[in-house]
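Novice: For reference, the structure I am asking about is given below.
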Amino acid sequence: MEKDLGNYRKSYEKGELLLDNVPVNPMELFRNWFVEVDTHFNVGETNAMTISTLGLDGYPKSRVVLLKKYTHEGFIFYTNYNSEKGKAIDANPNVCLSFFWQAAERQIIIKGRAEKIAENLSDGYFESRPRGSQLGAIVSEQSEVVKDRSELEDKLKALEAKYEGKDIERPKYWGGYMVKPVEIEFWQGRPNRLHDRIRYQLQSNFDWKIERLSP
Ligand SMILES: Cc1cc2nc3c(=O)[nH]c(=O)nc-3n(C[C@H](O)[C@H](O)[C@H](O)COP(=O)(O)O)c2cc1C
């Protein structure tokens, strides 16, 4: 079975990224791009990002999670701390986040360190979630093997009965991580494969070194 994709080719013409007019702080550029893409391009879930971790088995692994907040300090997502990614982060907090907004011909790649956020912040976010999602977080021992789907559905039914009319508390094994960036690269597709790449690297004095990279 094979299919040759050699002629899948597209010219990128939707924007440009010039050193002259980028802000000194990459979080500002992130916000500008995020808002622009979210407002003017139909990308589905603007906040869907890939997070790559270095696994305990020595392999990198990437999967999609949802960015739930960004601040001047970093990027927050929520997950199960006991999941495969949670265990990987415990052993090595260095991670990579990436966004590909195809409709805007933009990619952002972030290297950083993941840290658990304060418990009260995870509590606050958990409380804001719909009941179904709260129960889902309890039902799912994320990344563990399950016998079949009915195991999950039965567990959900039992929990629905248990918590009927009651508030659902956040399980301690579920919460947020903030990824604090040390490097952020912005990629804007350009014609003739001469794409724009601007890389910010955090310096020890909280300044960012800004350089253009060859495409
Ligand atoms: C669009 C999309 C959004 C997702 N959002 C999350 C999320 O916010 N948190 C999460 O733990 N998993 C999310 N997932 C599921 C993860 O991709 C992954 O399957 C799960 O976290 C288990 O990963 P792990 O076993 O490598 O730890 C999402 C998947 C998709 C496709």
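Order determines the names: the first chain of the structure tokens is A, the second B, and so forth; residues in each chain are numbered 1 upward, and ligands are numbered 1 upward as they are shown.
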Around ligand 1, out to 8 Å and counting only C-alpha atoms and all ligand atoms, which residues are there? I want them as a PyMOL selection string.
Specialist: chain A and resi 45+48-50+61-68+77-80+82-86+142-144
Novice: From a DSSP calculation on the backbone, collect every residue of segment 52-182 of chain A in helix (DSSP H, G or I) and output the set as a count of residues only.
Specialist: 44
Novice: Determine the nearest neighbour of Met27 of chain A from the options A:Arg129, A:His72, A:His40, A:Lys166, counting only C-alpha atoms.
Specialist: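 Ranked by minimum distance to Met27 of chain A, first place goes to A:His72.
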Novice: A:Trp33, A:Tyr173, A:Trp101, A:Tyr163: which is nearest Glu119 of chain A, counting only C-alpha atoms?
Specialist: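 Closest to Glu119 of chain A of all the choices is A:Tyr173.
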Novice: Report as an MDAnalysis selection string all protein, DNA and RNA residues lying within 10 Å of Thr46 of chain A, evaluated on only C-alpha atoms, omitting residues in the same chain fewer than 6 positions from it.
Specialist: chainID A and resid 34:35 37:39 66:67 99:101
Novice: Store the residues of this selection in a file with N, CA, C and O atoms, as an mmCIF file, in the first residue's frame.
Specialist:
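Writing the result to selection_8.cif gives the following:
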data_model
loop_
_atom_site.group_PDB
_atom_site.id
_atom_site.type_symbol
_atom_site.label_atom_id
_atom_site.label_comp_id
_atom_site.auth_asym_id
_atom_site.auth_seq_id
_atom_site.Cartn_x
_atom_site.Cartn_y
_atom_site.Cartn_z
ATOM 1 N N PHE A 34 -2.523 35.108 18.217
ATOM 2 C CA PHE A 34 -3.663 34.302 18.672
ATOM 3 C C PHE A 34 -4.972 35.048 18.404
ATOM 4 O O PHE A 34 -5.922 34.491 17.838
ATOM 5 N N VAL A 35 -5.018 36.323 18.797
ATOM 6 C CA VAL A 35 -6.248 37.108 18.654
ATOM 7 C C VAL A 35 -6.590 37.269 17.170
ATOM 8 O O VAL A 35 -7.742 37.111 16.756
ATOM 9 N N VAL A 37 -5.727 35.330 14.622
ATOM 10 C CA VAL A 37 -6.162 34.056 14.034
ATOM 11 C C VAL A 37 -7.571 33.725 14.520
ATOM 12 O O VAL A 37 -8.449 33.316 13.745
ATOM 13 N N ASP A 38 -7.800 33.939 15.822
ATOM 14 C CA ASP A 38 -9.094 33.610 16.409
ATOM 15 C C ASP A 38 -10.212 34.462 15.811
ATOM 16 O O ASP A 38 -11.338 34.010 15.647
ATOM 17 N N THR A 39 -9.878 35.699 15.475
ATOM 18 C CA THR A 39 -10.898 36.634 14.990
ATOM 19 C C THR A 39 -11.113 36.519 13.479
ATOM 20 O O THR A 39 -12.241 36.589 13.012
ATOM 21 N N LEU A 66 -5.734 21.320 25.018
ATOM 22 C CA LEU A 66 -6.293 22.655 24.783
ATOM 23 C C LEU A 66 -5.631 23.685 25.694
ATOM 24 O O LEU A 66 -5.555 23.488 26.914
ATOM 25 N N LEU A 67 -5.162 24.745 25.089
ATOM 26 C CA LEU A 67 -4.638 25.869 25.863
ATOM 27 C C LEU A 67 -5.827 26.541 26.543
ATOM 28 O O LEU A 67 -6.801 26.912 25.879
ATOM 29 N N PHE A 99 1.713 25.108 17.810
ATOM 30 C CA PHE A 99 0.438 25.456 17.177
ATOM 31 C C PHE A 99 0.671 25.469 15.676
ATOM 32 O O PHE A 99 1.699 25.988 15.224
ATOM 33 N N PHE A 100 -0.264 24.922 14.916
ATOM 34 C CA PHE A 100 -0.239 25.097 13.455
ATOM 35 C C PHE A 100 -1.607 25.609 13.054
ATOM 36 O O PHE A 100 -2.606 24.892 13.192
ATOM 37 N N TRP A 101 -1.640 26.861 12.642
ATOM 38 C CA TRP A 101 -2.882 27.467 12.191
ATOM 39 C C TRP A 101 -2.822 27.521 10.666
ATOM 40 O O TRP A 101 -2.339 28.495 10.074
#
Novice: Which one is closest to Lys116 of chain A: A:Tyr70, A:Lys180, A:Ala158, A:Ser204? Count only C-alpha atoms.
Specialist: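 Once distances to Lys116 of chain A are computed over only C-alpha atoms, the minimum belongs to A:Lys180.
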Novice: For a quick check of understanding, using only C-alpha atoms, which of A:Lys111, A:Arg106, A:Arg131, A:Lys69 has the smallest distance to Arg197 of chain A?
Specialist: A:Arg106
Novice: At a cut-off of 9 Å, using only C-alpha atoms, what residues contact Leu202 of chain A? Leave out same-chain residues fewer than 6 positions from it and give the result as a ChimeraX atom specification.
Specialist: /A:181-184,208-209
Novice: To one decimal place, how far is atom CA of Trp174 of chain A from atom CA of Gly124 of chain A in Å?
Specialist: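 For atom CA of Trp174 of chain A relative to atom CA of Gly124 of chain A, the distance reads 12.4 Å.
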Novice: Please, which residues of segment 49-87 of chain A, numbered as in this document, come out strand (DSSP E or B) from DSSP, as a PyMOL selection string?
Specialist: chain A and resi 49-54+60-66+69-70+75-80
Novice: Of the candidates A:Ile168, A:Met1, A:Val24, A:Ile76, which one gets nearest to Glu127 of chain A if we count only C-alpha atoms?
Specialist: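 Of A:Ile168, A:Met1, A:Val24, A:Ile76, the one nearest Glu127 of chain A, counting only C-alpha atoms, is A:Ile168.
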Novice: Name the closest residue to Ile210 of chain A among the candidates A:Asp196, A:Glu115, A:Glu185, A:Glu28; distances are taken between atoms, counting only C-alpha atoms.
Specialist: A:Glu185
Novice: Do a neighbour search on Arg113 of chain A at 9 Å with only C-alpha atoms, toss out local chain neighbours closer than 4 positions, and write the hits as a PyMOL selection string.
Specialist: chain A and resi 89+92-96+178-182
Novice: Any idea what the distance is between atom CA of Ile110 of chain A and atom CA of Arg170 of chain A?
Specialist: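 These atoms are spaced 28.8 Å apart.
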